[in-house]
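Have a look at start.cif below; it lists mmCIF, C-alpha atoms.
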```cif
data_target
loop_
_atom_site.group_PDB
_atom_site.id
_atom_site.type_symbol
_atom_site.label_atom_id
_atom_site.label_comp_id
_atom_site.auth_asym_id
_atom_site.auth_seq_id
_atom_site.Cartn_x
_atom_site.Cartn_y
_atom_site.Cartn_z
ATOM 1 C CA MET J 3 0.000 0.000 0.000
ATOM 2 C CA SER J 4 1.210 3.489 -0.812
ATOM 3 C CA ASP J 5 0.255 4.941 2.587
ATOM 4 C CA GLY J 6 3.014 2.966 4.337
ATOM 5 C CA SER J 7 0.774 0.497 6.151
ATOM 6 C CA VAL J 8 1.880 -3.119 6.446
ATOM 7 C CA SER J 9 0.016 -5.722 4.462
ATOM 8 C CA LEU J 10 -0.328 -9.188 6.043
ATOM 9 C CA ASP J 11 -0.804 -12.335 4.003
ATOM 10 C CA LEU J 12 -3.058 -14.480 6.184
ATOM 11 C CA ASP J 13 -2.877 -17.438 3.786
ATOM 12 C CA LYS J 14 0.717 -18.222 4.784
ATOM 13 C CA ASP J 15 1.922 -19.666 8.081
ATOM 14 C CA PRO J 16 5.256 -18.068 9.017
ATOM 15 C CA GLY J 17 6.153 -21.092 11.175
ATOM 16 C CA GLY J 18 5.500 -23.863 8.646
ATOM 17 C CA PRO J 19 5.068 -24.693 4.973
ATOM 18 C CA PRO J 20 2.787 -22.596 2.736
ATOM 19 C CA ALA J 21 -0.924 -23.219 3.049
ATOM 20 C CA GLY J 22 -2.160 -26.060 0.922
ATOM 21 C CA GLU J 23 1.207 -27.827 0.618
ATOM 22 C CA VAL J 24 1.885 -31.314 2.089
ATOM 23 C CA PRO J 25 4.757 -31.374 4.665
ATOM 24 C CA PRO J 26 7.751 -33.542 3.687
ATOM 25 C CA GLU J 27 7.932 -37.065 5.051
ATOM 26 C CA ALA J 28 10.353 -37.952 7.850
ATOM 27 C CA ILE J 29 13.729 -39.166 6.647
ATOM 28 C CA THR J 30 14.079 -42.922 6.912
ATOM 29 C CA ALA J 31 17.616 -43.920 7.831
ATOM 30 C CA VAL J 32 18.758 -47.143 6.191
ATOM 31 C CA PRO J 33 21.803 -48.748 7.830
ATOM 32 C CA VAL J 34 24.787 -49.130 5.514
ATOM 33 C CA ARG J 35 25.466 -52.739 4.613
ATOM 34 C CA HIS J 36 29.161 -53.500 5.058
ATOM 35 C CA TRP J 37 29.340 -56.453 2.693
ATOM 36 C CA GLY J 38 33.140 -56.315 2.609
ATOM 37 C CA ARG J 39 33.312 -57.069 6.330
ATOM 38 C CA TRP J 40 31.116 -60.136 5.982
ATOM 39 C CA ILE J 41 33.042 -61.441 2.980
ATOM 40 C CA SER J 42 36.418 -60.976 4.699
ATOM 41 C CA ALA J 43 35.095 -62.631 7.870
ATOM 42 C CA VAL J 44 33.883 -65.633 5.876
ATOM 43 C CA LEU J 45 37.243 -65.931 4.114
ATOM 44 C CA VAL J 46 39.185 -65.758 7.378
ATOM 45 C CA LEU J 47 36.931 -68.338 9.058
ATOM 46 C CA THR J 48 37.281 -70.606 6.025
ATOM 47 C CA VAL J 49 41.080 -70.449 6.171
ATOM 48 C CA LEU J 50 41.059 -71.120 9.919
ATOM 49 C CA GLY J 51 38.695 -74.041 9.406
ATOM 50 C CA LEU J 52 41.002 -75.536 6.777
ATOM 51 C CA ILE J 53 43.989 -75.214 9.103
ATOM 52 C CA VAL J 54 42.109 -76.886 11.971
ATOM 53 C CA TRP J 55 40.897 -79.641 9.632
ATOM 54 C CA ALA J 56 44.453 -80.231 8.362
ATOM 55 C CA PHE J 57 45.889 -80.595 11.864
ATOM 56 C CA ALA J 58 42.956 -82.734 13.002
ATOM 57 C CA ASN J 59 43.640 -85.192 10.176
ATOM 58 C CA ALA J 60 47.448 -85.042 10.406
ATOM 59 C CA LYS J 61 49.524 -87.904 11.755
ATOM 60 C CA ILE J 62 49.641 -86.439 15.260
ATOM 61 C CA ASN J 63 48.782 -88.495 18.302
ATOM 62 C CA TRP J 64 46.801 -85.930 20.256
ATOM 63 C CA GLY J 65 46.471 -88.373 23.130
ATOM 64 C CA VAL J 66 50.233 -88.133 23.677
ATOM 65 C CA VAL J 67 49.964 -84.329 23.694
ATOM 66 C CA GLY J 68 47.317 -84.450 26.407
ATOM 67 C CA ASP J 69 49.228 -87.002 28.481
ATOM 68 C CA TYR J 70 52.489 -85.020 28.505
ATOM 69 C CA LEU J 71 51.036 -81.564 29.175
ATOM 70 C CA THR J 72 51.245 -82.227 32.915
ATOM 71 C CA TYR J 73 54.216 -84.602 32.812
ATOM 72 C CA ASP J 74 56.640 -84.043 35.707
ATOM 73 C CA ARG J 75 59.645 -83.236 33.554
ATOM 74 C CA ILE J 76 57.660 -80.819 31.394
ATOM 75 C CA MET J 77 56.302 -79.058 34.484
ATOM 76 C CA GLU J 78 59.805 -78.781 35.917
ATOM 77 C CA GLY J 79 61.089 -77.417 32.617
ATOM 78 C CA ALA J 80 58.313 -74.798 32.557
ATOM 79 C CA LEU J 81 59.200 -73.711 36.106
ATOM 80 C CA ASN J 82 62.893 -73.481 35.176
ATOM 81 C CA THR J 83 61.983 -71.405 32.119
ATOM 82 C CA LEU J 84 59.932 -69.051 34.255
ATOM 83 C CA TRP J 85 62.649 -68.835 36.902
ATOM 84 C CA ILE J 86 65.510 -68.055 34.503
ATOM 85 C CA THR J 87 63.310 -65.530 32.690
ATOM 86 C CA VAL J 88 62.452 -63.626 35.878
ATOM 87 C CA CYS J 89 66.033 -63.677 37.177
ATOM 88 C CA ALA J 90 67.552 -62.602 33.847
ATOM 89 C CA MET J 91 64.935 -59.872 33.401
ATOM 90 C CA VAL J 92 65.551 -58.476 36.898
ATOM 91 C CA LEU J 93 69.296 -58.413 36.213
ATOM 92 C CA GLY J 94 68.736 -56.770 32.845
ATOM 93 C CA LEU J 95 66.305 -54.201 34.264
ATOM 94 C CA VAL J 96 68.509 -53.116 37.174
ATOM 95 C CA LEU J 97 71.699 -53.020 35.111
ATOM 96 C CA GLY J 98 69.878 -51.390 32.198
ATOM 97 C CA MET J 99 68.607 -48.539 34.395
ATOM 98 C CA LEU J 100 72.139 -48.001 35.693
ATOM 99 C CA LEU J 101 73.555 -47.989 32.163
ATOM 100 C CA ALA J 102 70.891 -45.531 31.004
ATOM 101 C CA VAL J 103 71.800 -43.093 33.769
ATOM 102 C CA MET J 104 75.503 -43.555 32.951
ATOM 103 C CA ARG J 105 74.792 -42.949 29.265
ATOM 104 C CA LEU J 106 73.067 -39.654 30.076
ATOM 105 C CA SER J 107 75.789 -38.590 32.504
ATOM 106 C CA ASP J 108 78.016 -35.590 31.771
ATOM 107 C CA ASN J 109 80.981 -37.682 32.909
ATOM 108 C CA PRO J 110 82.720 -38.788 29.688
ATOM 109 C CA VAL J 111 84.135 -41.942 31.309
ATOM 110 C CA LEU J 112 80.742 -43.184 32.517
ATOM 111 C CA SER J 113 78.972 -42.367 29.251
ATOM 112 C CA SER J 114 81.742 -44.005 27.175
ATOM 113 C CA VAL J 115 81.737 -47.182 29.244
ATOM 114 C CA ALA J 116 77.944 -47.425 28.986
ATOM 115 C CA TYR J 117 78.055 -46.871 25.235
ATOM 116 C CA ALA J 118 80.772 -49.532 24.788
ATOM 117 C CA TYR J 119 78.763 -52.030 26.853
ATOM 118 C CA ILE J 120 75.619 -51.459 24.795
ATOM 119 C CA TRP J 121 77.609 -51.636 21.556
ATOM 120 C CA PHE J 122 79.186 -54.995 22.443
ATOM 121 C CA PHE J 123 76.182 -56.829 23.839
ATOM 122 C CA ARG J 124 73.794 -55.627 21.139
ATOM 123 C CA GLY J 125 76.319 -56.477 18.447
ATOM 124 C CA THR J 126 76.883 -60.142 19.334
ATOM 125 C CA PRO J 127 74.255 -62.930 19.212
ATOM 126 C CA VAL J 128 72.762 -64.231 22.442
ATOM 127 C CA LEU J 129 73.767 -67.785 21.530
ATOM 128 C CA VAL J 130 77.411 -66.753 21.221
ATOM 129 C CA GLN J 131 77.285 -65.014 24.591
ATOM 130 C CA LEU J 132 75.801 -68.096 26.230
ATOM 131 C CA MET J 133 78.579 -70.274 24.824
ATOM 132 C CA LEU J 134 81.236 -67.778 25.911
ATOM 133 C CA TRP J 135 80.063 -67.833 29.518
ATOM 134 C CA TYR J 136 79.580 -71.595 29.623
ATOM 135 C CA ASN J 137 83.065 -72.275 28.200
ATOM 136 C CA LEU J 138 84.815 -69.662 30.315
ATOM 137 C CA SER J 139 86.898 -72.417 31.956
ATOM 138 C CA TYR J 140 88.924 -72.750 28.744
ATOM 139 C CA ILE J 141 90.642 -69.438 29.486
ATOM 140 C CA PHE J 142 90.238 -69.252 33.285
ATOM 141 C CA ASP J 143 90.917 -72.467 35.192
ATOM 142 C CA THR J 144 89.949 -71.041 38.559
ATOM 143 C CA LEU J 145 87.947 -68.150 39.915
ATOM 144 C CA ASN J 146 89.986 -66.289 42.520
ATOM 145 C CA LEU J 147 88.316 -63.299 44.169
ATOM 146 C CA GLY J 148 90.629 -63.197 47.173
ATOM 147 C CA PHE J 149 87.914 -64.181 49.626
ATOM 148 C CA TYR J 150 86.586 -66.936 47.357
ATOM 149 C CA LYS J 151 88.449 -69.431 45.178
ATOM 150 C CA ASN J 152 87.032 -72.362 43.237
ATOM 151 C CA GLU J 153 87.318 -74.246 39.951
ATOM 152 C CA MET J 154 85.615 -72.396 37.098
ATOM 153 C CA ASN J 155 83.786 -75.559 36.012
ATOM 154 C CA ASP J 156 82.179 -75.762 39.443
ATOM 155 C CA VAL J 157 81.305 -72.069 39.492
ATOM 156 C CA MET J 158 79.956 -71.661 35.953
ATOM 157 C CA THR J 159 76.935 -73.932 36.168
ATOM 158 C CA PRO J 160 74.379 -74.027 33.312
ATOM 159 C CA PHE J 161 72.037 -71.832 35.365
ATOM 160 C CA LEU J 162 74.700 -69.181 36.053
ATOM 161 C CA ALA J 163 75.864 -69.199 32.436
ATOM 162 C CA ALA J 164 72.258 -68.787 31.255
ATOM 163 C CA LEU J 165 71.657 -66.007 33.782
ATOM 164 C CA LEU J 166 74.735 -64.053 32.719
ATOM 165 C CA GLY J 167 74.241 -64.664 29.015
ATOM 166 C CA LEU J 168 70.577 -63.671 28.974
ATOM 167 C CA GLY J 169 70.665 -61.001 31.692
ATOM 168 C CA LEU J 170 73.707 -59.073 30.488
ATOM 169 C CA ASN J 171 72.433 -59.100 26.935
ATOM 170 C CA GLU J 172 69.023 -57.863 28.066
ATOM 171 C CA ALA J 173 70.654 -55.030 30.020
ATOM 172 C CA ALA J 174 71.909 -53.490 26.779
ATOM 173 C CA TYR J 175 68.391 -53.309 25.341
ATOM 174 C CA MET J 176 66.815 -52.172 28.593
ATOM 175 C CA ALA J 177 69.389 -49.371 28.785
ATOM 176 C CA GLU J 178 68.174 -47.951 25.486
ATOM 177 C CA ILE J 179 64.521 -48.364 26.506
ATOM 178 C CA ALA J 180 65.141 -46.628 29.845
ATOM 179 C CA ARG J 181 67.128 -43.857 28.151
ATOM 180 C CA ALA J 182 64.267 -43.200 25.741
ATOM 181 C CA GLY J 183 61.817 -43.083 28.657
ATOM 182 C CA ILE J 184 63.957 -40.669 30.643
ATOM 183 C CA LYS J 185 64.438 -38.409 27.623
ATOM 184 C CA SER J 186 60.661 -38.317 27.079
ATOM 185 C CA VAL J 187 60.151 -36.409 30.359
ATOM 186 C CA ASP J 188 60.105 -32.669 29.853
ATOM 187 C CA GLY J 189 63.225 -30.900 31.070
ATOM 188 C CA GLY J 190 61.117 -28.431 33.001
ATOM 189 C CA GLN J 191 60.266 -31.194 35.473
ATOM 190 C CA THR J 192 63.918 -31.550 36.409
ATOM 191 C CA GLU J 193 64.384 -27.794 36.660
ATOM 192 C CA ALA J 194 61.347 -27.494 38.929
ATOM 193 C CA ALA J 195 62.649 -30.289 41.167
ATOM 194 C CA GLN J 196 66.047 -28.622 41.407
ATOM 195 C CA ALA J 197 64.362 -25.316 42.265
ATOM 196 C CA LEU J 198 62.706 -27.104 45.197
ATOM 197 C CA GLY J 199 66.120 -28.200 46.451
ATOM 198 C CA MET J 200 66.106 -31.838 45.277
ATOM 199 C CA ASN J 201 69.416 -33.398 44.380
ATOM 200 C CA GLY J 202 69.975 -35.374 41.186
ATOM 201 C CA ALA J 203 69.297 -38.809 42.689
ATOM 202 C CA LYS J 204 66.047 -37.768 44.356
ATOM 203 C CA THR J 205 64.892 -35.978 41.206
ATOM 204 C CA MET J 206 65.516 -39.082 39.158
ATOM 205 C CA ARG J 207 63.809 -41.371 41.677
ATOM 206 C CA ARG J 208 60.755 -39.270 42.538
ATOM 207 C CA ILE J 209 60.143 -37.060 39.505
ATOM 208 C CA VAL J 210 61.670 -38.427 36.312
ATOM 209 C CA LEU J 211 61.354 -42.206 36.605
ATOM 210 C CA PRO J 212 57.665 -42.296 37.671
ATOM 211 C CA GLN J 213 56.771 -40.269 34.572
ATOM 212 C CA ALA J 214 59.145 -42.233 32.343
ATOM 213 C CA MET J 215 57.528 -45.526 33.336
ATOM 214 C CA ARG J 216 54.622 -44.796 30.987
ATOM 215 C CA VAL J 217 57.091 -45.012 28.088
ATOM 216 C CA ILE J 218 59.279 -47.748 29.581
ATOM 217 C CA ILE J 219 56.590 -50.290 30.528
ATOM 218 C CA PRO J 220 55.241 -51.286 27.050
ATOM 219 C CA PRO J 221 58.613 -52.176 25.453
ATOM 220 C CA SER J 222 59.777 -53.723 28.732
ATOM 221 C CA GLY J 223 56.777 -56.042 28.693
ATOM 222 C CA ASN J 224 57.622 -57.024 25.145
ATOM 223 C CA GLU J 225 61.210 -57.693 26.207
ATOM 224 C CA PHE J 226 60.009 -59.921 29.049
ATOM 225 C CA ILE J 227 57.862 -61.992 26.695
ATOM 226 C CA ASN J 228 60.737 -62.155 24.233
ATOM 227 C CA MET J 229 63.044 -63.276 27.050
ATOM 228 C CA LEU J 230 60.578 -66.026 27.927
ATOM 229 C CA LYS J 231 61.028 -67.484 24.447
ATOM 230 C CA THR J 232 64.727 -66.659 24.068
ATOM 231 C CA SER J 233 65.432 -68.705 27.194
ATOM 232 C CA SER J 234 65.047 -71.782 24.977
ATOM 233 C CA LEU J 235 68.553 -71.029 23.689
ATOM 234 C CA ALA J 236 69.857 -72.070 27.109
ATOM 235 C CA SER J 237 69.203 -75.666 26.065
ATOM 236 C CA VAL J 238 72.524 -75.651 24.169
ATOM 237 C CA ILE J 239 74.403 -75.248 27.455
ATOM 238 C CA TYR J 240 72.422 -78.113 29.054
ATOM 239 C CA PHE J 241 70.133 -75.972 31.184
ATOM 240 C CA GLU J 242 66.993 -78.020 31.788
ATOM 241 C CA GLU J 243 64.387 -75.534 30.605
ATOM 242 C CA LEU J 244 61.105 -76.238 28.805
ATOM 243 C CA PHE J 245 62.433 -76.780 25.289
ATOM 244 C CA ARG J 246 65.245 -79.077 26.426
ATOM 245 C CA ALA J 247 62.810 -81.092 28.549
ATOM 246 C CA GLY J 248 60.525 -81.626 25.552
ATOM 247 C CA ASN J 249 63.470 -82.443 23.289
ATOM 248 C CA THR J 250 64.834 -84.981 25.774
ATOM 249 C CA ILE J 251 61.484 -86.742 26.076
ATOM 250 C CA SER J 252 60.988 -86.836 22.290
ATOM 251 C CA SER J 253 64.379 -88.491 21.852
ATOM 252 C CA ARG J 254 63.076 -91.392 23.939
ATOM 253 C CA ASN J 255 59.480 -91.822 22.783
ATOM 254 C CA LEU J 256 60.119 -90.571 19.203
ATOM 255 C CA ALA J 257 57.009 -88.357 19.424
ATOM 256 C CA VAL J 258 58.819 -85.308 18.058
ATOM 257 C CA MET J 259 55.861 -83.292 16.786
ATOM 258 C CA GLU J 260 53.711 -84.223 19.767
ATOM 259 C CA MET J 261 56.328 -82.932 22.224
ATOM 260 C CA MET J 262 56.791 -79.742 20.205
ATOM 261 C CA MET J 263 53.028 -79.229 20.509
ATOM 262 C CA VAL J 264 53.285 -79.692 24.275
ATOM 263 C CA VAL J 265 56.121 -77.179 24.489
ATOM 264 C CA SER J 266 54.219 -74.711 22.296
ATOM 265 C CA VAL J 267 51.116 -74.939 24.493
ATOM 266 C CA TRP J 268 53.163 -74.126 27.584
ATOM 267 C CA TYR J 269 54.909 -71.196 25.914
ATOM 268 C CA LEU J 270 51.546 -69.845 24.750
ATOM 269 C CA LEU J 271 50.115 -70.215 28.250
ATOM 270 C CA LEU J 272 53.019 -68.377 29.887
ATOM 271 C CA THR J 273 53.111 -65.564 27.349
ATOM 272 C CA THR J 274 49.322 -65.106 27.593
ATOM 273 C CA VAL J 275 49.440 -64.746 31.374
ATOM 274 C CA PHE J 276 52.202 -62.166 31.259
ATOM 275 C CA SER J 277 50.607 -60.308 28.341
ATOM 276 C CA ILE J 278 47.498 -59.801 30.471
ATOM 277 C CA GLY J 279 49.654 -58.551 33.338
ATOM 278 C CA GLN J 280 51.455 -56.158 30.999
ATOM 279 C CA TYR J 281 48.126 -54.776 29.753
ATOM 280 C CA TYR J 282 46.873 -53.879 33.225
ATOM 281 C CA LEU J 283 50.268 -52.512 34.252
ATOM 282 C CA GLU J 284 50.179 -50.179 31.256
ATOM 283 C CA ARG J 285 46.682 -49.043 32.234
ATOM 284 C CA HIS J 286 47.938 -48.263 35.738
ATOM 285 C CA TYR J 287 50.750 -45.988 34.558
ATOM 286 C CA ALA J 288 48.539 -44.341 31.914
ATOM 287 C CA LYS J 289 46.140 -42.926 34.515
ATOM 288 C CA GLY J 290 47.981 -39.622 34.690
ATOM 289 C CA THR J 291 47.883 -38.994 30.928
ATOM 290 C CA ASP J 292 44.687 -40.538 29.571
ATOM 291 C CA ARG J 293 41.541 -38.650 30.525
ATOM 292 C CA GLU J 294 39.427 -41.727 29.936
ATOM 293 C CA GLN J 295 40.719 -45.267 30.136
ATOM 294 C CA PRO J 296 39.819 -47.432 27.114
ATOM 295 C CA PRO J 297 37.518 -50.363 27.831
ATOM 296 C CA THR J 298 39.127 -53.621 28.845
ATOM 297 C CA PRO J 299 39.048 -56.578 26.407
ATOM 298 C CA LEU J 300 36.274 -58.258 28.392
ATOM 299 C CA ARG J 301 34.203 -55.093 28.280
ATOM 300 C CA ARG J 302 34.796 -54.729 24.534
ATOM 301 C CA ILE J 303 33.654 -58.307 23.973
ATOM 302 C CA GLY J 304 30.507 -57.588 25.970
ATOM 303 C CA GLN J 305 29.847 -54.475 23.909
ATOM 304 C CA GLN J 306 30.285 -56.412 20.669
ATOM 305 C CA LEU J 307 27.896 -59.128 21.815
ATOM 306 C CA THR J 308 25.207 -56.596 22.699
ATOM 307 C CA SER J 309 25.606 -54.323 19.665
ATOM 308 C CA PHE J 310 24.657 -56.572 16.741
ATOM 309 C CA ARG J 311 21.493 -54.509 16.266
ATOM 310 C CA THR J 312 21.658 -51.261 18.148
ATOM 311 C CA LYS J 313 18.583 -49.068 17.746
ATOM 312 C CA SER J 314 19.114 -45.390 17.023
ATOM 313 C CA LYS J 315 16.830 -42.392 16.653
ATOM 314 C CA VAL J 316 16.728 -40.208 13.565
ATOM 315 C CA GLY J 317 14.292 -37.328 13.406
ATOM 316 C CA GLY J 318 12.577 -38.486 16.589
ATOM 317 C CA GLU J 319 11.850 -41.941 15.201
ATOM 318 C CA THR J 320 13.509 -45.219 16.184
ATOM 319 C CA VAL J 321 15.159 -46.982 13.234
#
```
Turn the structure described in the file into structure tokens.
Amino acid sequence: MSDGSVSLDLDKDPGGPPAGEVPPEAITAVPVRHWGRWISAVLVLTVLGLIVWAFANAKINWGVVGDYLTYDRIMEGALNTLWITVCAMVLGLVLGMLLAVMRLSDNPVLSSVAYAYIWFFRGTPVLVQLMLWYNLSYIFDTLNLGFYKNEMNDVMTPFLAALLGLGLNEAAYMAEIARAGIKSVDGGQTEAAQALGMNGAKTMRRIVLPQAMRVIIPPSGNEFINMLKTSSLASVIYFEELFRAGNTISSRNLAVMEMMMVVSVWYLLLTTVFSIGQYYLERHYAKGTDREQPPTPLRRIGQQLTSFRTKSKVGGETV
């Protein structure tokens, strides 16, 4: 209108569609079909089924496997494997931490000695080191420490040779793992501790190492599991561990593959137990960095079992 008044169109609803028009239908959400996942799952299950079928029909006396799983000599070999693994890992961990601190030291003598140690033990095979320790009597007839003297053959038992060969070699790798963990801690933490009057040892023990453990624990757990399997090399120096026990029994009953199955089951059992322990130890040291802990494997399995058909709402409707 020319007089400036406002004209209202009463046929239109400002809050909805124009009068006379049909409102659009609600959107129907159709779940995406992941056919590739189903096809890959079927292929994987088929391959696994073929492997199980092949072993089930192979010339393996599974009754022998079941009978020897709890055989006395096998059980003793498993305990010896566990014992040498724990002892060698403790030696490697303690010495590795010391070498890591020496490597980071400003003292050129300490850092050079630590570097030379790591260079030598990482550069030579574990099997060679085991043989060197076990045959040490070829170059030293006796061990004379002043307060203790004895024949080297009596001192260097298979257990001691295995402990030194495995533990000293592990120390070289643990030194690099510990050094990486220590270097991952921000330098401002050390400066703050020094500003509070802490000395170097207390700063390392109370400030740096607790934070470095988050980086040190995962590779250390892998090293422990690797040590558990590497301990089988001690069979060449006549240490009665799990692999040697199975090999000795198979030489008598000629059930070679059956005894290797027994040994494999025990190794899988031991590594599974310690893998679970490593997982929860990592979760413990990750509390200070992760805002929300990821669900445990058991919880994830429960979520998968209950989420085959999860209902959702789209546009106010359940689909």
- prompt: So which residues get picked by the PyMOL selection byres ((chain J and resi 79) around 9) here, written as a VMD selection string?
  reply: chain J and resid 74 to 78 80 to 84 242 to 248
With 4 Å added on each side, what axis-aligned box encloses every listed atom of region 103-116 of chain J? Give the centre and edge lengths in Å to one decimal, as JSON.
```
{"center_x": 78.0, "center_y": -41.5, "center_z": 30.5, "size_x": 20.3, "size_y": 19.8, "size_z": 14.6}
```
Selection result of the PyMOL selection byres ((chain J and resi 122-134) around 9) on this file, as a PDB file with C-alpha atoms, keeping the file's coordinate frame:
```
ATOM      1  CA  TYR J 117      78.055 -46.871  25.235  1.00  0.00           C
ATOM      2  CA  ALA J 118      80.772 -49.532  24.788  1.00  0.00           C
ATOM      3  CA  TYR J 119      78.763 -52.030  26.853  1.00  0.00           C
ATOM      4  CA  ILE J 120      75.619 -51.459  24.795  1.00  0.00           C
ATOM      5  CA  TRP J 121      77.609 -51.636  21.556  1.00  0.00           C
ATOM      6  CA  TRP J 135      80.063 -67.833  29.518  1.00  0.00           C
ATOM      7  CA  TYR J 136      79.580 -71.595  29.623  1.00  0.00           C
ATOM      8  CA  ASN J 137      83.065 -72.275  28.200  1.00  0.00           C
ATOM      9  CA  LEU J 138      84.815 -69.662  30.315  1.00  0.00           C
ATOM     10  CA  ALA J 163      75.864 -69.199  32.436  1.00  0.00           C
ATOM     11  CA  ALA J 164      72.258 -68.787  31.255  1.00  0.00           C
ATOM     12  CA  LEU J 165      71.657 -66.007  33.782  1.00  0.00           C
ATOM     13  CA  LEU J 166      74.735 -64.053  32.719  1.00  0.00           C
ATOM     14  CA  GLY J 167      74.241 -64.664  29.015  1.00  0.00           C
ATOM     15  CA  LEU J 168      70.577 -63.671  28.974  1.00  0.00           C
ATOM     16  CA  LEU J 170      73.707 -59.073  30.488  1.00  0.00           C
ATOM     17  CA  ASN J 171      72.433 -59.100  26.935  1.00  0.00           C
ATOM     18  CA  GLU J 172      69.023 -57.863  28.066  1.00  0.00           C
ATOM     19  CA  ALA J 173      70.654 -55.030  30.020  1.00  0.00           C
ATOM     20  CA  ALA J 174      71.909 -53.490  26.779  1.00  0.00           C
ATOM     21  CA  TYR J 175      68.391 -53.309  25.341  1.00  0.00           C
ATOM     22  CA  THR J 232      64.727 -66.659  24.068  1.00  0.00           C
ATOM     23  CA  LEU J 235      68.553 -71.029  23.689  1.00  0.00           C
ATOM     24  CA  ALA J 236      69.857 -72.070  27.109  1.00  0.00           C
ATOM     25  CA  VAL J 238      72.524 -75.651  24.169  1.00  0.00           C
ATOM     26  CA  ILE J 239      74.403 -75.248  27.455  1.00  0.00           C
TER      27      ILE J 239
END
```
message: Between CA of Val67 (chain J) and CA of Val267 (chain J), what distance in Å does the model show, to one decimal?
response: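 Computing the Euclidean distance for CA of Val67 (chain J) and CA of Val267 (chain J) yields 9.5 Å.
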Shell around Thr192 (chain J) at 10 Å using all atoms listed in the file, local window under 5 positions removed, as a list in words: Val187, Ala197, Leu198, Met200, Asn201, Gly202, Thr205, Met206, Ile209 and Val210 of chain J
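Excluding Asn249 (chain J) and any residue on its chain fewer than 4 positions from it, the residues at most 8 Å away by only C-alpha atoms are Phe245, Ser253, Val258, Met261 and Met262 of chain J.
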task: Give me, please, the distance in Å between CA of Asn228 (chain J) and CA of Ala116 (chain J), quoted to one decimal.
output: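 CA of Ala116 (chain J) lies 23.1 Å from CA of Asn228 (chain J).
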message: So, with only C-alpha atoms as the atoms that count, which of J:Val275, J:Ile141, J:Ile219, J:Val46 lies closest to Glu153 (chain J)?
response: J:Ile141
Closest of J:Val66, J:Ala90, J:Leu71, J:Val265 to Ser233 (chain J) - atom-to-atom distances counting only C-alpha atoms: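 Nearest candidate to Ser233 (chain J) out of J:Val66, J:Ala90, J:Leu71, J:Val265: J:Ala90.
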- request: Grab the CA of Ala60 (chain J) to CA of Val44 (chain J) distance for me, in Å with one decimal place.
  value: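 CA of Val44 (chain J) lies at a distance of 24.1 Å from CA of Ala60 (chain J).
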message: I need the residue nearest Ala203 (chain J) from this list: J:Val103, J:Asn152, J:Tyr281, J:Asn146. Use only C-alpha atoms for the distance.
response: J:Val103
